[in-house]
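This is query04.cif. It holds mmCIF, C-alpha atoms.
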data_model
#
loop_
_atom_site.label_atom_id
_atom_site.label_comp_id
_atom_site.auth_asym_id
_atom_site.auth_seq_id
_atom_site.Cartn_x
_atom_site.Cartn_y
_atom_site.Cartn_z
CA MET N 1 76.82 102.76 -194.75
CA ARG N 2 75.97 104.74 -197.86
CA ARG N 3 74.00 102.41 -200.07
CA VAL N 4 71.73 99.42 -199.27
CA GLY N 5 70.33 96.93 -201.75
CA VAL N 6 66.95 95.25 -201.39
CA LEU N 7 65.52 92.38 -203.42
CA THR N 8 62.53 90.06 -203.47
CA ALA N 9 63.22 86.44 -204.39
CA GLY N 10 61.26 83.22 -204.76
CA GLY N 11 57.55 83.03 -205.44
CA ASP N 12 55.57 86.26 -205.27
CA CYS N 13 53.46 86.90 -202.21
CA PRO N 14 50.92 89.47 -200.99
CA GLY N 15 52.71 91.99 -198.78
CA LEU N 16 56.05 92.21 -200.60
CA ASN N 17 55.39 95.80 -201.65
CA ALA N 18 54.45 96.69 -198.09
CA VAL N 19 57.88 95.50 -196.90
CA ILE N 20 59.67 97.47 -199.62
CA ARG N 21 57.65 100.59 -198.78
CA ALA N 22 58.32 100.31 -195.04
CA PHE N 23 62.04 99.70 -195.53
CA VAL N 24 62.49 102.64 -197.92
CA ARG N 25 60.46 105.06 -195.82
CA THR N 26 62.27 104.06 -192.62
CA ALA N 27 65.63 104.41 -194.37
CA GLU N 28 64.73 107.92 -195.50
CA ALA N 29 63.28 109.01 -192.16
CA GLN N 30 65.88 107.48 -189.84
CA TYR N 31 69.05 106.96 -191.88
CA ASP N 32 70.91 108.69 -194.67
CA TRP N 33 71.04 105.78 -197.10
CA GLU N 34 70.58 105.46 -200.81
CA ILE N 35 68.38 102.44 -201.56
CA LEU N 36 68.91 100.35 -204.67
CA GLY N 37 66.17 97.96 -205.66
CA ILE N 38 67.50 94.81 -207.33
CA LEU N 39 65.25 93.50 -210.07
CA ASP N 40 63.99 89.93 -210.40
CA GLY N 41 65.65 88.53 -207.33
CA PHE N 42 69.34 87.65 -207.39
CA GLU N 43 69.22 87.67 -211.19
CA GLY N 44 69.32 91.47 -211.11
CA LEU N 45 72.91 91.25 -209.86
CA LEU N 46 73.96 89.27 -212.93
CA ILE N 47 72.80 91.71 -215.61
CA PRO N 48 73.97 95.26 -216.41
CA ASP N 49 70.65 97.07 -215.85
CA GLY N 50 69.35 94.97 -213.00
CA THR N 51 68.91 97.70 -210.39
CA ARG N 52 66.81 100.83 -209.86
CA PRO N 53 66.94 103.54 -207.18
CA LEU N 54 64.12 103.55 -204.65
CA THR N 55 62.89 106.70 -202.94
CA GLY N 56 59.82 107.63 -200.99
CA ASP N 57 58.18 108.76 -204.22
CA ASP N 58 58.83 105.37 -205.83
CA VAL N 59 57.04 103.47 -203.06
CA ARG N 60 54.09 105.81 -202.67
CA GLY N 61 50.77 104.02 -203.14
CA ILE N 62 52.13 100.46 -203.24
CA LEU N 63 50.97 99.35 -199.78
CA THR N 64 47.83 97.66 -201.11
CA ARG N 65 49.34 96.23 -204.30
CA GLY N 66 50.01 92.53 -204.71
CA GLY N 67 53.14 91.19 -206.34
CA THR N 68 56.37 93.18 -206.11
CA ILE N 69 57.49 96.32 -207.91
CA LEU N 70 60.99 94.82 -208.09
CA GLY N 71 59.98 91.60 -209.79
CA THR N 72 61.08 88.20 -208.55
CA SER N 73 62.31 84.81 -209.68
CA ASN N 74 62.33 81.36 -208.10
CA ARG N 75 65.00 80.10 -210.52
CA GLY N 76 67.67 82.67 -209.74
CA ASN N 77 70.23 80.84 -207.63
CA PRO N 78 73.65 82.39 -208.40
CA PHE N 79 75.35 79.32 -206.92
CA ALA N 80 73.65 77.08 -209.49
CA VAL N 81 72.79 78.97 -212.66
CA ARG N 82 71.21 76.60 -215.15
CA SER N 83 71.49 77.05 -218.90
CA LEU N 84 71.04 74.97 -222.03
CA VAL N 85 74.07 74.69 -224.29
CA ASP N 86 73.66 72.63 -227.44
CA GLY N 87 70.64 70.93 -225.90
CA GLU N 88 72.49 69.99 -222.72
CA GLU N 89 71.85 71.52 -219.30
CA ARG N 90 74.85 73.14 -217.63
CA VAL N 91 75.09 74.40 -214.07
CA THR N 92 77.59 77.11 -213.17
CA ASP N 93 78.46 78.98 -209.99
CA GLN N 94 78.24 82.73 -210.58
CA SER N 95 78.31 83.83 -206.94
CA ALA N 96 81.67 85.53 -207.43
CA GLU N 97 80.10 87.70 -210.14
CA VAL N 98 77.33 88.71 -207.74
CA ILE N 99 79.82 89.71 -205.06
CA ALA N 100 81.84 91.68 -207.61
CA ARG N 101 78.68 93.44 -208.75
CA LEU N 102 77.76 94.36 -205.17
CA LYS N 103 81.20 95.92 -204.74
CA GLU N 104 80.92 97.73 -208.05
CA LEU N 105 77.57 99.19 -206.98
CA GLU N 106 79.03 100.07 -203.56
CA ILE N 107 76.22 98.24 -201.79
CA GLY N 108 77.18 98.01 -198.14
CA ALA N 109 74.37 95.68 -197.09
CA LEU N 110 71.78 93.51 -198.83
CA VAL N 111 68.22 92.96 -197.62
CA VAL N 112 66.75 89.70 -198.91
CA ILE N 113 62.98 89.28 -198.75
CA GLY N 114 62.26 85.62 -199.39
CA GLY N 115 61.33 82.17 -198.21
CA ASP N 116 63.30 79.05 -197.40
CA GLY N 117 65.21 78.79 -200.67
CA SER N 118 66.03 82.49 -200.78
CA MET N 119 67.27 82.42 -197.18
CA ARG N 120 69.55 79.49 -197.99
CA ILE N 121 71.10 81.55 -200.79
CA ALA N 122 71.34 84.58 -198.49
CA LEU N 123 73.08 82.48 -195.84
CA ARG N 124 75.72 81.34 -198.33
CA PHE N 125 76.43 84.93 -199.33
CA GLN N 126 76.63 85.93 -195.67
CA GLN N 127 79.21 83.19 -195.15
CA LEU N 128 81.18 84.68 -198.07
CA GLY N 129 81.28 88.05 -196.34
CA VAL N 130 78.23 89.84 -197.75
CA PRO N 131 76.34 91.72 -194.98
CA ILE N 132 72.82 90.24 -195.16
CA VAL N 133 69.51 90.94 -193.40
CA GLY N 134 66.58 88.63 -194.15
CA VAL N 135 62.83 89.19 -194.15
CA PRO N 136 60.64 86.03 -194.10
CA LYS N 137 58.15 85.65 -196.93
CA THR N 138 56.05 82.69 -198.00
CA ILE N 139 52.37 81.93 -198.34
CA ASP N 140 53.14 78.39 -197.14
CA ASN N 141 54.07 79.57 -193.61
CA ASP N 142 56.76 76.87 -193.51
CA LEU N 143 59.77 79.00 -192.59
CA ALA N 144 61.27 78.00 -189.26
CA ALA N 145 62.22 80.42 -186.48
CA THR N 146 59.21 82.67 -187.09
CA ASP N 147 55.68 82.10 -185.82
CA VAL N 148 54.12 83.38 -189.04
CA THR N 149 55.15 84.76 -192.42
CA PHE N 150 53.38 87.55 -194.24
CA GLY N 151 51.34 86.40 -197.24
CA PHE N 152 49.99 83.37 -195.40
CA ASP N 153 46.96 85.17 -194.01
CA THR N 154 46.02 86.47 -197.45
CA ALA N 155 46.43 83.04 -199.05
CA VAL N 156 44.22 81.45 -196.39
CA ALA N 157 41.61 84.18 -196.86
CA THR N 158 41.61 83.61 -200.63
CA ALA N 159 41.28 79.84 -200.24
CA THR N 160 38.54 80.23 -197.64
CA ASP N 161 36.57 82.53 -199.92
CA ALA N 162 36.82 79.93 -202.70
CA ILE N 163 35.61 77.19 -200.36
CA ASP N 164 32.67 79.34 -199.29
CA ARG N 165 31.68 79.85 -202.92
CA LEU N 166 32.09 76.19 -203.83
CA ARG N 167 30.03 75.12 -200.84
CA SER N 168 26.89 76.75 -202.20
CA THR N 169 27.18 75.07 -205.60
CA ALA N 170 28.14 71.74 -203.99
CA GLU N 171 25.01 71.86 -201.85
CA ALA N 172 22.80 72.88 -204.78
CA HIS N 173 23.99 70.03 -207.03
CA HIS N 174 24.64 67.42 -204.30
CA ARG N 175 28.26 67.08 -205.33
CA VAL N 176 31.63 66.44 -203.77
CA MET N 177 33.85 69.46 -204.37
CA ILE N 178 37.61 69.01 -204.16
CA VAL N 179 39.62 72.20 -203.65
CA GLU N 180 43.35 71.90 -204.35
CA VAL N 181 45.42 74.59 -202.64
CA MET N 182 49.14 75.29 -202.53
CA GLY N 183 51.41 73.51 -200.07
CA ARG N 184 54.34 71.49 -201.40
CA ASP N 185 55.71 70.14 -198.13
CA ALA N 186 53.57 71.90 -195.52
CA GLY N 187 49.79 71.82 -195.27
CA TRP N 188 49.19 75.03 -193.35
CA ILE N 189 47.01 76.65 -196.03
CA ALA N 190 44.87 73.53 -196.51
CA LEU N 191 44.49 73.04 -192.76
CA GLU N 192 43.54 76.59 -191.84
CA ALA N 193 41.38 77.21 -194.92
CA GLY N 194 39.70 73.88 -194.35
CA LEU N 195 38.94 74.80 -190.76
CA ALA N 196 37.77 78.30 -191.68
CA GLY N 197 35.66 77.08 -194.60
CA GLY N 198 34.06 74.15 -192.82
CA GLY N 199 35.76 71.47 -194.90
CA ASP N 200 34.72 67.87 -194.34
CA VAL N 201 38.02 66.28 -195.39
CA ILE N 202 41.46 67.92 -195.21
CA LEU N 203 44.45 66.23 -196.84
CA ILE N 204 47.96 67.51 -196.10
CA PRO N 205 51.51 66.29 -196.88
CA GLU N 206 52.24 65.60 -193.21
CA ILE N 207 49.48 62.97 -192.96
CA PRO N 208 49.42 60.48 -195.87
CA PHE N 209 45.85 59.45 -196.70
CA ARG N 210 43.95 56.44 -197.99
CA VAL N 211 41.41 57.05 -200.75
CA ASP N 212 39.05 54.41 -199.31
CA ARG N 213 38.94 56.27 -196.00
CA VAL N 214 38.24 59.56 -197.75
CA ALA N 215 35.37 57.83 -199.55
CA ARG N 216 34.16 56.35 -196.27
CA ALA N 217 34.09 59.79 -194.63
CA ILE N 218 31.95 61.11 -197.50
CA GLU N 219 29.55 58.16 -197.32
CA GLN N 220 29.23 58.57 -193.56
CA ARG N 221 28.15 62.17 -194.13
CA SER N 222 25.60 60.89 -196.61
CA SER N 223 24.17 58.48 -194.03
CA ARG N 224 23.54 61.49 -191.79
CA GLY N 225 21.61 63.27 -194.51
CA ARG N 226 24.49 65.40 -195.84
CA THR N 227 24.22 65.31 -199.62
CA PHE N 228 27.45 67.15 -200.41
CA SER N 229 31.02 67.33 -199.14
CA ILE N 230 34.01 69.65 -199.34
CA VAL N 231 37.48 68.13 -199.61
CA VAL N 232 40.46 70.49 -199.20
CA VAL N 233 43.75 69.02 -200.41
CA ALA N 234 47.25 70.49 -200.42
CA GLU N 235 49.13 70.07 -203.70
CA GLY N 236 51.81 68.03 -201.94
CA ALA N 237 49.42 65.59 -200.24
CA PHE N 238 49.87 61.95 -201.24
CA PRO N 239 48.37 58.53 -200.49
CA VAL N 240 49.95 56.05 -198.08
CA GLY N 241 52.85 54.35 -199.82
CA GLY N 242 52.73 56.79 -202.72
CA GLN N 243 54.43 59.98 -203.82
CA PRO N 244 53.23 63.53 -204.50
CA ILE N 245 51.79 63.89 -207.98
CA THR N 246 54.00 65.87 -210.35
CA GLN N 247 53.60 67.18 -213.85
CA LYS N 248 56.35 67.60 -216.40
CA ARG N 249 55.71 70.96 -218.00
CA PRO N 250 57.16 71.92 -221.40
CA GLY N 251 59.87 74.53 -221.42
CA PRO N 252 63.63 75.00 -221.43
CA ASP N 253 63.99 74.73 -217.65
CA ARG N 254 62.78 71.09 -217.63
CA PHE N 255 61.30 71.78 -214.24
CA VAL N 256 58.95 69.20 -212.73
CA ARG N 257 56.12 70.83 -210.79
CA LEU N 258 53.72 69.52 -208.22
CA GLY N 259 50.10 69.51 -209.22
CA GLY N 260 47.24 67.28 -210.16
CA VAL N 261 46.35 65.61 -206.87
CA GLY N 262 42.91 67.22 -206.90
CA VAL N 263 42.00 65.84 -210.35
CA TRP N 264 43.57 62.47 -209.51
CA LEU N 265 41.59 62.23 -206.29
CA ALA N 266 38.37 63.17 -208.10
CA GLU N 267 38.87 60.28 -210.52
CA GLU N 268 39.61 57.85 -207.69
CA LEU N 269 36.61 58.92 -205.63
CA ALA N 270 34.27 58.76 -208.62
CA GLN N 271 34.89 55.00 -208.69
CA ARG N 272 34.04 54.60 -205.02
CA ILE N 273 31.11 56.89 -204.20
CA ARG N 274 27.72 57.59 -205.74
CA TYR N 275 28.10 61.35 -205.82
CA GLU N 276 29.35 63.45 -208.70
CA VAL N 277 32.85 64.77 -208.00
CA ARG N 278 34.39 68.01 -209.23
CA ALA N 279 37.91 69.35 -208.67
CA THR N 280 38.96 73.00 -208.55
CA VAL N 281 42.65 73.97 -208.53
CA LEU N 282 43.22 77.43 -207.03
CA GLY N 283 46.86 77.62 -208.08
CA HIS N 284 48.48 81.02 -208.28
CA VAL N 285 45.29 82.90 -207.44
CA GLN N 286 46.42 82.34 -203.84
CA ARG N 287 49.56 84.40 -204.48
CA GLY N 288 47.90 87.40 -206.06
CA GLY N 289 45.70 90.29 -205.08
CA THR N 290 45.55 92.81 -202.29
CA PRO N 291 47.09 91.68 -198.99
CA THR N 292 44.83 91.48 -195.97
CA ALA N 293 45.09 94.10 -193.25
CA PHE N 294 46.97 91.59 -191.08
CA ASP N 295 49.58 90.99 -193.79
CA ARG N 296 49.94 94.71 -194.51
CA VAL N 297 50.66 95.47 -190.87
CA LEU N 298 52.98 92.49 -190.43
CA ALA N 299 54.92 93.28 -193.61
CA THR N 300 55.25 96.91 -192.55
CA ARG N 301 56.59 95.93 -189.12
CA LEU N 302 59.09 93.53 -190.69
CA GLY N 303 60.28 96.14 -193.20
CA CYS N 304 60.92 98.67 -190.45
CA ALA N 305 62.67 96.06 -188.30
CA ALA N 306 64.93 95.11 -191.22
CA ALA N 307 66.03 98.74 -191.57
CA TRP N 308 66.75 98.85 -187.86
CA LEU N 309 68.96 95.72 -188.12
CA VAL N 310 70.91 97.22 -191.00
CA GLY N 311 71.32 100.43 -189.01
CA GLN N 312 72.67 98.46 -186.05
CA GLY N 313 75.03 96.47 -188.26
CA ASP N 314 73.44 93.25 -186.99
CA PHE N 315 73.95 91.13 -190.08
CA GLY N 316 73.40 87.43 -190.70
CA LYS N 317 69.99 87.82 -189.08
CA MET N 318 66.40 87.54 -190.18
CA VAL N 319 63.58 89.53 -188.61
CA ALA N 320 61.05 87.10 -187.17
CA VAL N 321 57.76 87.03 -185.30
CA ARG N 322 57.95 85.58 -181.80
CA GLY N 323 54.70 85.95 -179.94
CA ALA N 324 53.68 89.58 -180.24
CA GLU N 325 57.17 90.90 -180.95
CA ILE N 326 59.53 91.21 -183.92
CA VAL N 327 62.96 89.85 -183.01
CA PRO N 328 66.22 89.09 -184.88
CA VAL N 329 67.13 85.42 -185.34
CA ALA N 330 70.13 83.82 -187.02
CA ILE N 331 69.44 82.98 -190.66
CA GLU N 332 70.90 79.50 -190.22
CA ASP N 333 68.21 78.80 -187.60
CA CYS N 334 65.53 79.63 -190.17
CA VAL N 335 66.63 77.14 -192.80
CA ARG N 336 67.79 74.21 -190.70
CA ILE N 337 64.43 72.42 -190.86
CA PRO N 338 61.08 73.44 -192.38
CA LYS N 339 58.14 74.29 -190.15
CA LEU N 340 55.61 71.56 -190.91
CA VAL N 341 52.14 70.94 -189.52
CA PRO N 342 52.45 68.80 -186.35
CA PRO N 343 50.14 65.78 -186.91
CA ALA N 344 49.28 65.84 -183.20
CA GLY N 345 49.16 69.64 -182.93
CA ASP N 346 46.19 71.60 -181.67
CA ARG N 347 44.90 72.58 -185.12
CA VAL N 348 44.83 68.98 -186.34
CA MET N 349 43.25 67.82 -183.09
CA THR N 350 40.67 70.60 -183.31
CA ALA N 351 39.75 69.41 -186.80
CA ARG N 352 39.48 65.79 -185.66
CA HIS N 353 37.27 66.76 -182.72
CA LEU N 354 34.97 68.51 -185.21
CA GLY N 355 34.68 65.28 -187.17
CA ILE N 356 36.91 66.37 -190.05
CA SER N 357 38.68 63.44 -191.71
CA PHE N 358 42.34 63.44 -192.72
CA GLY N 359 41.92 60.21 -194.67
CA ASP N 360 44.24 58.29 -192.35
#

Please render this file's structure as structure tokens.
Amino acid sequence: MRRVGVLTAGGDCPGLNAVIRAFVRTAEAQYDWEILGILDGFEGLLIPDGTRPLTGDDVRGILTRGGTILGTSNRGNPFAVRSLVDGEERVTDQSAEVIARLKELEIGALVVIGGDGSMRIALRFQQLGVPIVGVPKTIDNDLAATDVTFGFDTAVATATDAIDRLRSTAEAHHRVMIVEVMGRDAGWIALEAGLAGGGDVILIPEIPFRVDRVARAIEQRSSRGRTFSIVVVAEGAFPVGGQPITQKRPGPDRFVRLGGVGVWLAEELAQRIRYEVRATVLGHVQRGGTPTAFDRVLATRLGCAAAWLVGQGDFGKMVAVRGAEIVPVAIEDCVRIPKLVPPAGDRVMTARHLGISFGD
């Protein structure tokens, strides 16, 4: 092994730089490798100047920085590269070009730091003979085979801080404050931030809700002298019999994004309750900023463990958290099914015992 490539793919996430730093420093201290950083996810392997060398000097001081010094992309799937030709969308498979580029660069192993979608791409390259080691990353905490992913703790802390701040203004103005957080398919952020922030209603994709029951929960609080309420809703939450709310955004990718359930719910509740309703969408603020101490330590441990796997030649694996330990798991086990919130799990039951409504 002479040269190892490392890339960050998918949505950005607090702690990515900590993984890069730990991997590079471990590689320098324990192995005699040259590290090539691949820019903007897998896309960096499809352009001429898509890589940069990484040394200890390059990663100095990045432990506390959000984002990723390598850049990232959640559109860069080499197996399905989308482009517009004469106004029509075309999809092409450029995986062979990626493999050729890896050989040209003499990259003997590739470390992929990413979430579910990135790991699916990594698995396909592994099956084509590319030596792959994965590192789990997502603020949604929905990647199977690992107890937790770095970035989640920071996202929950950010959402909790927002709830704390909105609580004071909700109480002052006797309003219902709706806080929309990220969570396309999994409601981990909404659930844990709602618990930590003392939310009164938590709405998650795993438990479809009824607007009338959300309104009833708010009115019941009012009958007990509570003149304000906090509703925490994941972006992928949806009413019984309905679908998640999406928005068609302008742009060449024609990509339909989730978003808008908070505003929609505010309009629906305004017709049913006597309180003024306001909606706040946290959006990408949950992805940015300095990672928490927990995420810094976790990301550092995972970066070191990834270097160890490469050194052992144990490819096709992802480093994962199991209990208190970091262990290797097969990448295919990570992407088989997403890790969703169990509707009868202890966190949901804890919330219900506290009187928190899920609108069901």

Report, in Å with one decimal, the straight-line distance from atom CA of N:Leu102 to atom CA of N:Glu89. 27.5 Å

Could you spell out the hits of the PyMOL selection byres ((chain N and resi 76) around 7) on the shown file, as number ranges by chain? N: 41-43, 73-75, 77-78, 81

Suppose you want the space between atom CA of N:Gln127 and atom CA of N:Gly183; what is it in Å? 29.8 Å

Please check which residues have atoms at most 8 Å from (51.1, 72.9, -206.8) in the file's coordinates, counting only C-alpha atoms, and write them as an mmCIF file with C-alpha atoms, in the frame of the given file.
data_model
loop_
_atom_site.group_PDB
_atom_site.id
_atom_site.type_symbol
_atom_site.label_atom_id
_atom_site.label_comp_id
_atom_site.auth_asym_id
_atom_site.auth_seq_id
_atom_site.Cartn_x
_atom_site.Cartn_y
_atom_site.Cartn_z
ATOM 1 C CA VAL N 181 45.420 74.590 -202.640
ATOM 2 C CA MET N 182 49.140 75.290 -202.530
ATOM 3 C CA GLY N 183 51.410 73.510 -200.070
ATOM 4 C CA ARG N 184 54.340 71.490 -201.400
ATOM 5 C CA ALA N 234 47.250 70.490 -200.420
ATOM 6 C CA GLU N 235 49.130 70.070 -203.700
ATOM 7 C CA GLY N 236 51.810 68.030 -201.940
ATOM 8 C CA ARG N 257 56.120 70.830 -210.790
ATOM 9 C CA LEU N 258 53.720 69.520 -208.220
ATOM 10 C CA GLY N 259 50.100 69.510 -209.220
ATOM 11 C CA GLY N 260 47.240 67.280 -210.160
ATOM 12 C CA GLY N 283 46.860 77.620 -208.080
#

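In this comparison, which uses all atoms listed in the file, the residue of N:Arg216, N:Arg120, N:Arg175, N:Arg21 approaching N:Leu143 most closely is N:Arg120.
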
Starting from the shown file, work through the PyMOL selection byres ((chain N and resi 329-343) around 7) and note down what comes out as number ranges by chain. N: 116, 119-120, 123, 142-145, 186-188, 206-207, 316-320, 327-328, 344-345, 348

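Note that the spacing between atom CA of N:Asn141 and atom CA of N:Arg25 amounts to 26.4 Å.
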
Using all atoms listed in the file, which of the listed residues (N:Val148, N:Val214, N:Val277, N:Val285) sits closest to N:Ile326? N:Val148

I'd like to see the residues matched by the PyMOL selection byres ((chain N and resi 311-313) around 9) on this file, and ideally I'd get them as a list in words.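 Residues picked by the PyMOL selection byres ((chain N and resi 311-313) around 9): Met1, Ala27, Gln30, Tyr31, Ala109, Pro131, Ala306, Ala307, Trp308, Leu309, Val310, Asp314 and Phe315 of chain N.
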
Name all residues at most 10 Å from N:Leu203 (count only C-alpha atoms; drop same-chain ones fewer than 3 positions away) and give them as a PyMOL selection string. chain N and resi 180+187+190-191+194+206-210+214+231-239+357-360

I want to know what sits within 9 Å of N:Tyr275, based on only C-alpha atoms, with residues of the same chain fewer than 2 positions away left out; could you give that as a list of chain:residue names?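 Once the nearby chain positions are removed, what remains is N:His174, N:Arg175, N:Val176, N:Thr227, N:Phe228, N:Leu269, N:Ala270, N:Ile273, N:Val277.
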
For N:Ile35, which residue out of N:Pro291, N:Gly5, N:Gly87, N:Gly198 is the nearest one, using only C-alpha atoms? N:Gly5
